[in-house]
file start_7.txt (compact mmCIF, C-alpha atoms)
# COMPACT_ATOMS: atom_id res chain seq x y z
CA MET A 1 0.00 0.00 0.00
CA THR A 2 2.85 2.37 0.78
CA ASP A 3 4.55 1.68 -2.55
CA ALA A 4 1.32 2.39 -4.43
CA LEU A 5 0.92 5.66 -2.55
CA TRP A 6 4.47 6.74 -3.42
CA ILE A 7 3.85 5.88 -7.08
CA LEU A 8 0.65 7.94 -7.07
CA ILE A 9 2.44 10.92 -5.50
CA LEU A 10 5.24 10.64 -8.07
CA LEU A 11 2.73 10.59 -10.93
CA LEU A 12 0.97 13.65 -9.51
CA LEU A 13 4.29 15.49 -9.28
CA VAL A 14 5.10 14.60 -12.89
CA VAL A 15 1.68 15.89 -14.00
CA VAL A 16 2.14 19.14 -12.05
CA VAL A 17 5.61 19.65 -13.52
CA LEU A 18 4.34 19.01 -17.06
CA VAL A 19 1.47 21.47 -16.60
CA ALA A 20 3.88 24.12 -15.32
CA VAL A 21 6.30 23.47 -18.19
CA ARG A 22 3.46 23.68 -20.70
CA HIS A 23 2.50 27.17 -19.52
CA ARG A 24 5.96 28.56 -18.77
CA LEU A 25 8.12 26.75 -21.37
CA PRO A 26 5.86 25.69 -24.24
CA VAL A 27 8.82 24.93 -26.53
CA LEU A 28 10.28 22.46 -24.02
CA PHE A 29 6.87 20.86 -23.48
CA TRP A 30 6.49 20.46 -27.22
CA TRP A 31 9.80 18.63 -27.56
CA LEU A 32 9.15 16.40 -24.54
CA VAL A 33 5.46 15.57 -25.04
CA GLY A 34 3.76 17.35 -27.93
CA TYR A 35 5.95 16.27 -30.84
CA PRO A 36 6.11 12.53 -29.96
CA VAL A 37 2.35 12.32 -29.33
CA ILE A 38 1.25 14.19 -32.46
CA THR A 39 3.83 12.41 -34.63
CA LEU A 40 2.49 9.01 -33.56
CA ARG A 41 -1.04 10.24 -34.22
CA VAL A 42 -0.12 11.50 -37.70
CA LEU A 43 1.66 8.27 -38.65
CA ALA A 44 -1.15 6.07 -37.32
CA THR A 45 -4.06 7.97 -38.86
CA TYR A 46 -2.54 9.54 -41.98
CA ARG A 47 -4.32 7.39 -44.58
CA ALA A 48 -7.67 7.48 -42.79
CA THR A 49 -7.49 11.24 -42.19
CA MET A 50 -6.64 12.00 -45.80
CA GLY A 51 -9.51 9.80 -46.92
CA ALA A 52 -11.98 11.49 -44.57
CA CYS A 53 -10.88 14.91 -45.83
CA GLY A 54 -11.27 13.89 -49.47
CA LEU A 55 -7.55 14.19 -50.20
CA THR A 56 -7.07 10.71 -51.65
CA VAL A 57 -7.21 9.54 -55.28
CA PRO A 58 -8.28 6.18 -56.76
CA ALA A 59 -5.61 3.52 -56.93
CA SER A 60 -3.73 3.03 -60.17
CA ALA A 61 -4.67 0.30 -62.64
CA VAL A 62 -1.70 -1.83 -61.54
CA ARG A 63 -2.76 -1.65 -57.89
CA ARG A 64 -6.36 -2.44 -58.74
CA ALA A 65 -5.30 -5.49 -60.80
CA THR A 66 -2.99 -6.69 -58.03
CA ALA A 67 -5.77 -6.30 -55.47
CA ARG A 68 -8.22 -8.29 -57.62
CA MET A 69 -5.69 -11.11 -57.95
CA MET A 70 -5.46 -11.25 -54.16
CA GLY A 71 -9.22 -11.07 -53.72
CA ARG A 72 -9.22 -7.62 -52.14
CA GLN A 73 -10.42 -4.14 -53.05
CA ALA A 74 -7.82 -1.47 -53.82
CA ALA A 75 -8.00 1.35 -51.29
CA PRO A 76 -7.73 5.02 -52.34
CA VAL A 77 -4.19 6.36 -52.28
CA PRO A 78 -3.23 9.39 -50.13
CA PRO A 79 -0.47 11.81 -51.18
CA ARG A 80 3.06 10.61 -50.59
CA ARG A 81 4.63 12.23 -47.56
CA SER A 82 7.94 12.64 -45.80
CA LEU A 83 8.52 11.88 -42.15
CA PRO A 84 7.11 14.54 -39.78
CA LEU A 85 10.15 16.64 -38.87
CA PRO A 86 10.11 18.78 -35.70
CA THR A 87 10.38 22.56 -35.76
CA GLY A 88 10.60 25.11 -32.97
CA SER A 89 6.81 25.46 -32.87
CA GLY A 90 5.42 22.27 -34.43
CA LEU A 91 6.25 19.85 -37.19
CA VAL A 92 6.50 19.94 -40.95
CA MET A 93 5.79 17.36 -43.66
CA ARG A 94 6.45 17.59 -47.36
CA LEU A 95 3.73 16.13 -49.55
CA ARG A 96 3.74 15.07 -53.17
CA MET A 97 0.31 15.66 -54.64
CA ALA A 98 -1.35 13.11 -56.89
CA ALA A 99 -2.56 13.92 -60.39
CA GLY A 100 -5.60 16.16 -60.29
CA GLN A 101 -4.90 17.61 -56.83
CA ALA A 102 -4.17 21.28 -56.14
CA PRO A 103 -2.80 23.14 -53.09
CA GLU A 104 -6.21 24.77 -52.64
CA ASP A 105 -7.69 21.35 -51.80
CA PHE A 106 -5.31 21.01 -48.85
CA THR A 107 -5.80 24.62 -47.76
CA ALA A 108 -9.56 24.10 -47.63
CA SER A 109 -9.05 21.03 -45.42
CA ALA A 110 -6.48 22.63 -43.09
CA ASP A 111 -8.96 23.10 -40.26
CA ARG A 112 -10.12 19.48 -40.47
CA LEU A 113 -6.52 18.26 -40.40
CA ARG A 114 -5.89 20.43 -37.34
CA HIS A 115 -8.76 18.84 -35.43
CA ALA A 116 -7.89 15.31 -36.56
CA TRP A 117 -4.27 15.54 -35.38
CA GLY A 118 -4.82 17.73 -32.31
CA GLY A 119 -2.67 20.68 -33.34
CA HIS A 120 -3.31 24.39 -32.92
CA ALA A 121 -3.19 25.25 -36.63
CA VAL A 122 -2.20 23.77 -39.99
CA HIS A 123 -0.66 25.89 -42.74
CA VAL A 124 -0.13 24.78 -46.32
CA ARG A 125 2.48 26.32 -48.62
CA PRO A 126 3.30 25.22 -52.19
CA THR A 127 7.03 24.74 -52.70
CA LYS A 128 7.27 23.61 -56.33
CA PRO A 129 4.88 22.17 -58.94
CA GLY A 130 3.30 19.03 -57.55
CA ARG A 131 4.76 19.48 -54.05
CA LEU A 132 3.74 21.38 -50.97
CA GLU A 133 4.73 21.87 -47.38
CA LEU A 134 2.27 21.08 -44.60
CA ARG A 135 3.23 22.82 -41.35
CA LEU A 136 1.44 21.95 -38.11
CA VAL A 137 1.72 24.43 -35.21
CA GLY A 138 1.60 22.75 -31.82
CA TRP A 139 0.31 25.66 -29.69
CA ASP A 140 -0.75 29.28 -29.89
CA VAL A 141 2.61 30.88 -30.60
CA LEU A 142 1.08 34.39 -30.51
CA ALA A 143 0.03 34.04 -26.87
CA ASP A 144 3.50 34.94 -25.56
CA VAL A 145 5.98 36.40 -28.05
CA ARG A 146 9.62 36.82 -27.03
CA PRO A 147 12.17 38.96 -28.91
CA ALA A 148 13.82 37.31 -31.87
CA ARG A 149 17.26 35.80 -31.52
CA ARG A 150 20.16 37.81 -32.86
CA TRP A 151 20.99 35.31 -35.59
CA LEU A 152 17.64 36.07 -37.27
CA GLN A 153 18.88 39.54 -38.23
CA THR A 154 19.99 38.65 -41.72
CA GLY A 155 21.53 41.89 -42.93
CA PRO A 156 21.37 45.67 -43.13
CA LEU A 157 17.86 47.17 -43.14
CA SER A 158 16.40 43.74 -42.38
CA LEU A 159 14.63 43.32 -39.04
CA PRO A 160 12.56 40.50 -37.47
CA LEU A 161 9.71 42.56 -36.01
CA ALA A 162 6.84 40.19 -35.27
CA LEU A 163 6.15 36.47 -34.95
CA ARG A 164 3.74 34.99 -37.49
CA GLU A 165 1.05 32.51 -36.54
CA ASP A 166 2.87 29.73 -38.41
CA GLY A 167 5.95 30.09 -36.17
CA HIS A 168 8.11 32.04 -38.66
CA TRP A 169 9.23 35.60 -38.05
CA HIS A 170 7.91 38.49 -40.11
CA VAL A 171 11.09 40.16 -41.33
CA ARG A 172 10.87 43.78 -42.38
CA ASP A 173 13.31 44.11 -45.28
CA PHE A 174 13.44 47.71 -46.48
CA ARG A 175 15.29 46.82 -49.67
CA THR A 176 12.50 44.44 -50.68
CA VAL A 177 9.50 46.39 -49.32
CA PRO A 178 10.81 49.97 -49.05
CA HIS A 179 7.70 51.76 -47.78
CA GLU A 180 5.02 50.70 -45.31
CA LEU A 181 1.66 51.77 -43.88
CA ILE A 182 0.98 50.96 -40.21
CA LEU A 183 -2.57 51.39 -38.87
CA GLY A 184 -4.00 50.74 -35.41
CA ALA A 185 -6.40 52.15 -32.88
CA THR A 186 -5.41 53.32 -29.40
CA GLN A 187 -4.06 50.44 -27.26
CA SER A 188 -3.91 48.14 -30.30
CA GLY A 189 -0.13 47.59 -30.17
CA LYS A 190 0.82 49.96 -33.00
CA SER A 191 3.20 51.90 -30.78
CA VAL A 192 4.92 48.68 -29.63
CA TYR A 193 5.44 47.63 -33.26
CA LEU A 194 6.92 51.06 -33.98
CA ARG A 195 9.23 50.82 -30.95
CA ASN A 196 10.60 47.49 -32.18
CA LEU A 197 11.14 49.02 -35.61
CA LEU A 198 12.96 52.09 -34.31
CA CYS A 199 15.11 50.14 -31.85
CA GLY A 200 16.09 47.63 -34.53
CA LEU A 201 17.12 50.44 -36.87
CA ALA A 202 18.86 52.32 -34.05
CA ARG A 203 21.43 49.52 -33.82
CA GLN A 204 22.36 50.00 -37.48
CA PRO A 205 24.12 52.90 -39.27
CA VAL A 206 20.84 54.41 -40.45
CA ALA A 207 19.60 58.00 -40.27
CA LEU A 208 16.23 58.13 -38.48
CA VAL A 209 13.92 61.04 -39.25
CA GLY A 210 10.70 61.61 -37.31
CA ILE A 211 7.57 63.61 -38.17
CA ASP A 212 5.16 63.75 -35.24
CA CYS A 213 2.65 66.60 -35.38
CA LYS A 214 1.31 65.83 -31.90
CA TRP A 215 4.10 68.12 -30.63
CA GLY A 216 6.49 65.19 -30.73
CA VAL A 217 5.04 63.30 -27.76
CA GLU A 218 5.22 59.91 -29.54
CA LEU A 219 8.73 60.19 -30.99
CA ALA A 220 10.36 62.47 -28.39
CA PRO A 221 11.61 59.52 -26.24
CA PHE A 222 13.72 58.42 -29.23
CA ALA A 223 15.24 61.89 -29.75
CA PRO A 224 18.84 60.89 -28.84
CA ARG A 225 18.92 58.64 -31.91
CA LEU A 226 16.91 60.82 -34.32
CA SER A 227 18.79 62.83 -36.92
CA ALA A 228 15.77 65.11 -37.36
CA LEU A 229 12.38 65.63 -35.73
CA ALA A 230 9.46 67.82 -36.85
CA ASP A 231 6.71 68.35 -34.29
CA THR A 232 4.40 70.80 -36.10
CA PRO A 233 2.94 70.87 -39.63
CA ASP A 234 5.08 73.91 -40.54
CA ARG A 235 8.26 72.17 -39.39
CA ALA A 236 7.16 69.02 -41.20
CA ASN A 237 6.74 70.99 -44.42
CA ASP A 238 10.25 72.45 -44.10
CA LEU A 239 11.74 69.07 -43.21
CA LEU A 240 10.13 67.43 -46.23
CA ASP A 241 11.67 70.15 -48.43
CA VAL A 242 15.10 69.21 -47.09
CA LEU A 243 14.44 65.49 -47.62
CA VAL A 244 13.42 66.13 -51.23
CA GLU A 245 16.64 68.13 -51.72
CA GLU A 246 18.63 65.24 -50.21
CA MET A 247 16.91 62.81 -52.57
CA GLU A 248 17.67 64.97 -55.62
CA ALA A 249 21.33 65.27 -54.56
CA ARG A 250 21.58 61.48 -54.29
CA PHE A 251 20.17 61.04 -57.78
CA ARG A 252 22.79 63.47 -59.09
CA LEU A 253 25.45 61.39 -57.30
CA ILE A 254 24.16 58.22 -58.97
CA GLY A 255 24.25 59.90 -62.37
CA LEU A 256 27.77 61.24 -61.89
CA ALA A 257 29.07 57.86 -60.69
CA GLY A 258 27.65 56.13 -63.75
CA GLY A 259 29.37 58.55 -66.13
CA ALA A 260 32.73 58.69 -64.34
CA GLY A 261 34.53 56.76 -67.05
CA PRO A 262 34.56 53.63 -69.22
CA ASP A 263 35.18 51.37 -66.21
CA ALA A 264 32.34 52.86 -64.15
CA VAL A 265 29.71 50.47 -62.85
CA LEU A 266 26.27 51.48 -64.09
CA THR A 267 23.59 51.51 -61.42
CA SER A 268 20.11 52.89 -60.90
CA ASP A 269 20.17 53.11 -57.09
CA VAL A 270 22.54 53.89 -54.24
CA TRP A 271 23.17 50.21 -53.44
CA GLY A 272 25.07 49.81 -56.68
CA LEU A 273 27.54 52.57 -55.79
CA PRO A 274 30.97 51.80 -54.31
CA GLU A 275 30.79 51.59 -50.55
CA LYS A 276 32.91 54.70 -50.03
CA LEU A 277 30.49 56.76 -52.18
CA ARG A 278 27.27 55.19 -50.91
CA PRO A 279 25.18 57.61 -48.82
CA VAL A 280 23.70 56.45 -45.55
CA PRO A 281 20.13 55.07 -45.70
CA VAL A 282 17.39 57.32 -44.32
CA VAL A 283 14.17 56.02 -42.75
CA VAL A 284 11.40 58.61 -42.35
CA VAL A 285 8.76 57.77 -39.73
CA VAL A 286 5.52 59.76 -39.99
CA ASP A 287 3.36 59.30 -36.89
CA GLU A 288 -0.37 60.19 -36.98
CA VAL A 289 -0.31 61.05 -40.65
CA ALA A 290 -3.92 62.32 -40.48
CA GLU A 291 -2.62 65.44 -38.71
CA LEU A 292 -0.78 66.41 -41.90
CA PHE A 293 -4.00 66.20 -43.94
CA LEU A 294 -6.08 68.47 -41.70
CA ALA A 295 -6.80 72.00 -42.93
CA ALA A 296 -8.86 74.71 -41.22
CA SER A 297 -8.09 77.69 -43.48
CA LYS A 298 -6.89 78.58 -46.94
CA ASP A 299 -3.30 78.81 -45.74
CA ASP A 300 -3.62 75.36 -44.13
CA GLU A 301 -4.93 73.97 -47.43
CA LYS A 302 -1.92 75.31 -49.33
CA ARG A 303 0.47 73.83 -46.77
CA ARG A 304 -1.45 70.56 -46.79
CA ASP A 305 -1.23 70.26 -50.58
CA ALA A 306 2.51 70.94 -50.45
CA ILE A 307 3.04 68.35 -47.70
CA VAL A 308 1.01 65.68 -49.47
CA THR A 309 2.84 66.28 -52.74
CA LYS A 310 6.21 65.79 -51.03
CA LEU A 311 4.96 62.73 -49.13
CA ILE A 312 3.98 61.17 -52.45
CA ARG A 313 7.29 62.07 -54.11
CA LEU A 314 9.39 60.50 -51.37
CA PRO A 315 8.08 56.92 -51.74
CA GLN A 316 7.70 57.29 -55.48
CA LEU A 317 11.39 58.07 -56.00
CA GLY A 318 13.04 57.52 -52.64
CA ARG A 319 13.75 53.78 -52.87
CA ALA A 320 16.52 54.27 -55.43
CA ALA A 321 17.99 57.06 -53.30
CA GLY A 322 18.01 54.98 -50.12
CA ILE A 323 15.17 56.96 -48.48
CA TYR A 324 12.37 54.86 -46.99
CA LEU A 325 9.01 55.87 -45.55
CA GLU A 326 7.01 54.49 -42.63
CA VAL A 327 3.54 56.03 -42.33
CA CYS A 328 1.60 55.40 -39.09
CA GLY A 329 -1.86 56.42 -37.99
CA GLN A 330 -5.08 55.49 -36.23
CA ARG A 331 -7.23 56.35 -39.23
CA PHE A 332 -6.48 56.39 -42.92
CA GLY A 333 -9.07 56.71 -45.65
CA ALA A 334 -10.05 58.54 -48.81
CA GLU A 335 -11.99 61.09 -46.72
CA LEU A 336 -8.63 62.55 -45.61
CA GLY A 337 -8.65 64.34 -48.92
CA LYS A 338 -6.72 64.66 -52.12
CA GLY A 339 -3.63 62.47 -52.32
CA ALA A 340 -4.48 59.94 -49.60
CA THR A 341 -5.28 57.12 -52.03
CA MET A 342 -2.24 57.94 -54.17
CA LEU A 343 0.01 57.88 -51.10
CA ARG A 344 -1.39 54.52 -50.05
CA ALA A 345 -0.61 53.07 -53.48
CA GLN A 346 3.10 53.83 -52.92
CA LEU A 347 3.17 52.06 -49.51
CA THR A 348 3.46 48.43 -50.59
CA GLY A 349 3.94 47.06 -47.07
CA ARG A 350 0.82 47.03 -44.87
CA VAL A 351 0.42 46.36 -41.14
CA CYS A 352 -3.09 46.64 -39.73
CA HIS A 353 -3.68 46.27 -35.99
CA ARG A 354 -7.12 46.41 -34.41
CA VAL A 355 -8.95 49.39 -35.91
CA ASN A 356 -12.12 51.20 -34.93
CA ASP A 357 -13.90 50.88 -38.26
CA GLU A 358 -14.01 48.60 -41.26
CA THR A 359 -13.10 51.41 -43.66
CA SER A 360 -9.56 51.70 -42.27
CA ALA A 361 -9.05 47.93 -42.54
CA ASN A 362 -10.22 48.00 -46.15
CA MET A 363 -7.98 50.98 -46.86
CA ALA A 364 -5.00 49.09 -45.49
CA LEU A 365 -5.65 45.59 -46.83
CA GLY A 366 -8.65 45.66 -49.15
CA ASP A 367 -6.54 46.12 -52.29
CA ILE A 368 -4.30 43.20 -51.22
CA ALA A 369 -6.79 40.53 -50.13
CA PRO A 370 -10.39 41.02 -48.95
CA GLU A 371 -10.03 38.15 -46.48
CA ALA A 372 -7.06 39.96 -44.88
CA ALA A 373 -9.23 43.01 -44.17
CA LEU A 374 -11.87 40.72 -42.65
CA ALA A 375 -9.22 39.13 -40.42
CA ALA A 376 -8.08 42.58 -39.24
CA THR A 377 -11.58 43.54 -38.14
CA SER A 378 -11.83 40.39 -36.02
CA ILE A 379 -8.73 41.06 -33.86
CA PRO A 380 -9.86 40.98 -30.20
CA ALA A 381 -9.19 44.00 -28.00
CA GLU A 382 -7.72 41.80 -25.25
CA ARG A 383 -4.78 40.79 -27.47
CA PRO A 384 -2.85 44.00 -28.14
CA GLY A 385 0.00 43.66 -30.57
CA VAL A 386 -1.79 41.24 -32.89
CA ALA A 387 -1.91 42.55 -36.46
CA VAL A 388 -2.44 41.43 -40.02
CA VAL A 389 0.59 41.93 -42.27
CA GLY A 390 0.27 41.98 -46.03
CA ASP A 391 2.22 43.03 -49.09
CA SER A 392 1.57 43.78 -52.74
CA SER A 393 2.00 40.09 -53.67
CA GLY A 394 -1.36 39.29 -52.05
CA GLY A 395 0.09 37.23 -49.21
CA TRP A 396 -0.92 37.99 -45.64
CA SER A 397 -0.55 36.55 -42.15
CA ARG A 398 -1.48 37.28 -38.53
CA VAL A 399 1.50 38.42 -36.47
CA ARG A 400 2.26 39.71 -33.00
CA SER A 401 5.21 41.87 -32.01
CA PRO A 402 7.13 41.23 -28.77
CA HIS A 403 6.30 43.63 -25.97
CA LEU A 404 8.82 46.43 -25.55
CA THR A 405 8.29 49.10 -22.92
CA LEU A 406 8.80 52.77 -23.68
CA ASP A 407 11.56 53.02 -21.06
CA ASP A 408 13.51 50.14 -22.60
CA ALA A 409 13.09 51.56 -26.10
CA ALA A 410 14.27 54.99 -24.98
CA ALA A 411 17.29 53.42 -23.25
CA ILE A 412 18.26 51.60 -26.46
CA CYS A 413 18.09 54.85 -28.40
CA ARG A 414 20.28 56.58 -25.82
CA ASP A 415 22.83 53.77 -25.88
CA THR A 416 23.02 53.78 -29.69
CA SER A 417 23.19 57.56 -30.14
CA ALA A 418 26.86 57.25 -31.18
CA LEU A 419 25.73 55.41 -34.32
CA MET A 420 23.87 58.47 -35.59
CA PRO A 421 25.33 59.32 -39.02
CA GLU A 422 26.22 62.83 -40.14
CA LEU A 423 23.78 64.47 -42.57
CA PRO A 424 24.54 68.20 -42.73
CA ARG A 425 21.23 69.04 -44.39
CA LEU A 426 19.35 67.80 -41.33
CA ASP A 427 21.40 69.61 -38.68
CA SER A 428 18.86 72.40 -38.24
CA PHE A 429 16.17 69.82 -37.45
CA ARG A 430 18.23 67.92 -34.88
CA PRO A 431 15.99 67.35 -31.83
CA VAL A 432 16.79 68.64 -28.38
CA VAL A 433 17.24 66.01 -25.68
CA ALA A 434 16.96 66.35 -21.90
CA VAL A 435 19.99 65.43 -19.77
CA LYS A 436 20.76 65.60 -16.08
CA GLU A 437 23.91 67.34 -14.95
CA ALA A 438 25.84 65.76 -12.05
CA ARG A 439 25.88 68.06 -9.03
CA PRO A 440 27.64 67.64 -5.67
CA SER A 441 24.48 68.57 -3.75
CA SER A 442 22.08 65.88 -2.63
CA SER A 443 19.08 67.56 -4.24
CA ALA A 444 17.77 66.10 -7.50
CA ALA A 445 19.23 67.76 -10.56
CA ALA A 446 16.77 69.49 -12.88
CA PRO A 447 16.90 68.37 -16.51
CA THR A 448 18.51 70.76 -18.93
CA ALA A 449 18.15 70.81 -22.69
CA ARG A 450 20.99 70.56 -25.13
CA PRO A 451 21.32 69.68 -28.81
CA VAL A 452 22.62 66.21 -29.45
CA THR A 453 25.35 67.71 -31.65
CA GLU A 454 27.13 69.03 -28.57
call {"tool": "encode", "arguments": {"input": "start_7.txt", "output": "structure tokens"}}
result
Amino acid sequence: MTDALWILILLLLVVVVLVAVRHRLPVLFWWLVGYPVITLRVLATYRATMGACGLTVPASAVRRATARMMGRQAAPVPPRRSLPLPTGSGLVMRLRMAAGQAPEDFTASADRLRHAWGGHAVHVRPTKPGRLELRLVGWDVLADVRPARRWLQTGPLSLPLALREDGHWHVRDFRTVPHELILGATQSGKSVYLRNLLCGLARQPVALVGIDCKWGVELAPFAPRLSALADTPDRANDLLDVLVEEMEARFRLIGLAGGAGPDAVLTSDVWGLPEKLRPVPVVVVVDEVAELFLAASKDDEKRRDAIVTKLIRLPQLGRAAGIYLEVCGQRFGAELGKGATMLRAQLTGRVCHRVNDETSANMALGDIAPEAALAATSIPAERPGVAVVGDSSGGWSRVRSPHLTLDDAAAICRDTSALMPELPRLDSFRPVVAVKEARPSSSAAAPTARPVTE
């Protein structure tokens, strides 16, 4: 009786430990329990599950003849598969489709496969003609997102910003998708996504330019790392003039480098220039873009038209000059006025967090995929940081960015202020930062303002 009691206590301890591991360390629980259990279930029920989902094809004539000779009936044939291989968030199998099958057939049955095998989600991705990749996710990876590992940062201007629901990271590559629109209501996680973006760029030799017409309250904490900051519409108009001048100067540099001689390397953008001649990349972050579209008088309308024209010119021509645009806002629609739709057309990257109305979701994602806009409107308010990411190719996915506090983001920008490149044209727009002077007295020192150029 005593031995049985000790065995029962040991089993209860094992169960408690596994439950704790499942909630605190889901990756470890997956490797210890989840992957072996689901793999055995997939191997044992693969043929029956494929048949129940209508993903089998009739047996070939040779198999049917062989079965008749043995007095049996030839069973339908499922797609050929590889062994289920483990990943950091689930498992993956590579399937070879039979004649007459299409990837859409497997995508339509993804939810049934998920229930049959006990996974959290199943994603299907074609890899080559006749073959596809079936990825099963073992748990809700968006429930608790941790920062990406350093080795995921693949190169300059390439940042892993958010975890996708299939376990892969959404990598923001400015050279592939140069300009982006970020939408989200208050407390939707838009600011956290922007913090991750700014902190990732702050660690690279990139010039960061901010336009925040709410008197700079959103971007002011990042001032030590900003090469320029405009906090009013008038300042924004002047700063955009300087950025257009910088862009034109870079195009002249590209033209001169291409005509330097018979051995010159011809190029159409700054990335083809020799490294010693290549200007530093510039990322322009426009926060609450709707403030730039508002006009209350005739003078405001003239300034608004000038600002919108420059905002359209920057993404239209800036990619080749190494100038990239990030436009953020709570609301973005055609009712903002002339130029809003044209500006959106230049912003090929789209990130839509929870929004207050369907119009904003359609403005962000409706021209990419209608189902993506529908997914954005169904984001629950209790899961801040969840967003729908899409691009001009029509692909989209749910993502969630790791939580980053404002204090931590501001500290990163202070620590990386030495990486701020020199751009003489932007010196007059250099933000003022608050510092504390060390004093021998015990009283708290009052913050004083100084330019970061000092």
call {"tool": "closest_atom_pairs", "arguments": {"input": "start_7.txt", "of": "region 143-189 of chain A", "to": "region 363-384 of chain A", "cutoff": "9 Å", "atoms": "all atoms listed in the file", "output": "tab-separated table"}}
result
residue	atom	partner	partner_atom	distance
A:Ala143	CA	A:Arg383	CA	8.3
A:Leu181	CA	A:Ala364	CA	7.4
A:Ile182	CA	A:Ala364	CA	8.2
A:Leu183	CA	A:Ala364	CA	7.4
A:Gln187	CA	A:Pro384	CA	6.6
A:Ser188	CA	A:Pro384	CA	4.8
A:Gly189	CA	A:Pro384	CA	4.9
call {"tool": "atom_distance", "arguments": {"input": "start_7.txt", "atom1": "CA of Leu25 (chain A)", "atom2": "CA of Leu8 (chain A)"}}
result
24.8 Å
call {"tool": "residues_around", "arguments": {"input": "start_7.txt", "residues": "Leu317 (chain A)", "least_positions_apart": "3", "cutoff": "12 Å", "atoms": "all atoms listed in the file", "output": "count of residues only"}}
result
23
call {"tool": "axis_aligned_box", "arguments": {"input": "start_7.txt", "around": "region 61-69 of chain A", "padding_each_side": "6 Å", "output": "AutoDock Vina command-line options"}}
result
--center_x -5.0 --center_y -5.4 --center_z -59.1 --size_x 18.5 --size_y 23.4 --size_z 19.2
call {"tool": "atom_distance", "arguments": {"input": "start_7.txt", "atom1": "CA of Asp234 (chain A)", "atom2": "CA of Cys352 (chain A)"}}
result
28.5 Å
call {"tool": "closest_atom_pairs", "arguments": {"input": "start_7.txt", "of": "region 128-236 of chain A", "to": "region 420-434 of chain A", "cutoff": "8 Å", "atoms": "only C-alpha atoms", "output": "Markdown table"}}
result
| residue | atom | partner | partner_atom | distance |
| --- | --- | --- | --- | --- |
| A:Pro205 | CA | A:Pro421 | CA | 6.5 |
| A:Val206 | CA | A:Pro421 | CA | 6.8 |
| A:Ala207 | CA | A:Pro421 | CA | 6.0 |
| A:Ala223 | CA | A:Pro431 | CA | 5.9 |
| A:Pro224 | CA | A:Val433 | CA | 6.2 |
| A:Arg225 | CA | A:Met420 | CA | 6.2 |
| A:Leu226 | CA | A:Pro431 | CA | 7.0 |
| A:Ser227 | CA | A:Arg430 | CA | 5.5 |
| A:Ala228 | CA | A:Arg430 | CA | 4.5 |
| A:Leu229 | CA | A:Pro431 | CA | 5.6 |
| A:Ala230 | CA | A:Phe429 | CA | 7.0 |
call {"tool": "write_last_selection", "arguments": {"input": "start_7.txt", "atoms": "C-alpha atoms", "output": "compact mmCIF listing (two decimals), in the coordinates of the input"}}
result
# COMPACT_ATOMS: atom_id res chain seq x y z
CA PRO A 205 24.12 52.90 -39.27
CA VAL A 206 20.84 54.41 -40.45
CA ALA A 207 19.60 58.00 -40.27
CA ALA A 223 15.24 61.89 -29.75
CA PRO A 224 18.84 60.89 -28.84
CA ARG A 225 18.92 58.64 -31.91
CA LEU A 226 16.91 60.82 -34.32
CA SER A 227 18.79 62.83 -36.92
CA ALA A 228 15.77 65.11 -37.36
CA LEU A 229 12.38 65.63 -35.73
CA ALA A 230 9.46 67.82 -36.85
call {"tool": "atom_distance", "arguments": {"input": "start_7.txt", "atom1": "CA of Ala387 (chain A)", "atom2": "CA of Asp173 (chain A)"}}
result
17.7 Å
call {"tool": "residues_around", "arguments": {"input": "start_7.txt", "residues": "Phe222 (chain A)", "least_positions_apart": "5", "cutoff": "12 Å", "atoms": "all atoms listed in the file", "output": "compact mmCIF listing (two decimals) with C-alpha atoms, in the coordinates of the input"}}
result
# COMPACT_ATOMS: atom_id res chain seq x y z
CA LEU A 194 6.92 51.06 -33.98
CA ARG A 195 9.23 50.82 -30.95
CA ASN A 196 10.60 47.49 -32.18
CA LEU A 197 11.14 49.02 -35.61
CA LEU A 198 12.96 52.09 -34.31
CA CYS A 199 15.11 50.14 -31.85
CA LEU A 201 17.12 50.44 -36.87
CA ALA A 202 18.86 52.32 -34.05
CA LEU A 208 16.23 58.13 -38.48
CA VAL A 209 13.92 61.04 -39.25
CA GLY A 210 10.70 61.61 -37.31
CA ASP A 212 5.16 63.75 -35.24
CA GLY A 216 6.49 65.19 -30.73
CA VAL A 217 5.04 63.30 -27.76
CA SER A 227 18.79 62.83 -36.92
CA ALA A 228 15.77 65.11 -37.36
CA LEU A 229 12.38 65.63 -35.73
CA VAL A 285 8.76 57.77 -39.73
CA LEU A 406 8.80 52.77 -23.68
CA ASP A 407 11.56 53.02 -21.06
CA ASP A 408 13.51 50.14 -22.60
CA ALA A 409 13.09 51.56 -26.10
CA ALA A 410 14.27 54.99 -24.98
CA ALA A 411 17.29 53.42 -23.25
CA ILE A 412 18.26 51.60 -26.46
CA CYS A 413 18.09 54.85 -28.40
CA ARG A 414 20.28 56.58 -25.82
CA ASP A 415 22.83 53.77 -25.88
CA THR A 416 23.02 53.78 -29.69
CA SER A 417 23.19 57.56 -30.14
CA MET A 420 23.87 58.47 -35.59
CA ARG A 430 18.23 67.92 -34.88
CA PRO A 431 15.99 67.35 -31.83
CA VAL A 432 16.79 68.64 -28.38
CA VAL A 433 17.24 66.01 -25.68
CA ALA A 434 16.96 66.35 -21.90
CA VAL A 452 22.62 66.21 -29.45
call {"tool": "residues_around", "arguments": {"input": "start_7.txt", "residues": "region 111-119 of chain A", "least_positions_apart": "4", "cutoff": "9 Å", "atoms": "all atoms listed in the file", "output": "list of chain:residue names"}}
result
A:Ile38, A:Thr39, A:Arg41, A:Val42, A:Thr45, A:Thr49, A:Met50, A:Cys53, A:Gly90, A:Phe106, A:Thr107, A:Leu136, A:Val137, A:Gly138, A:Trp139
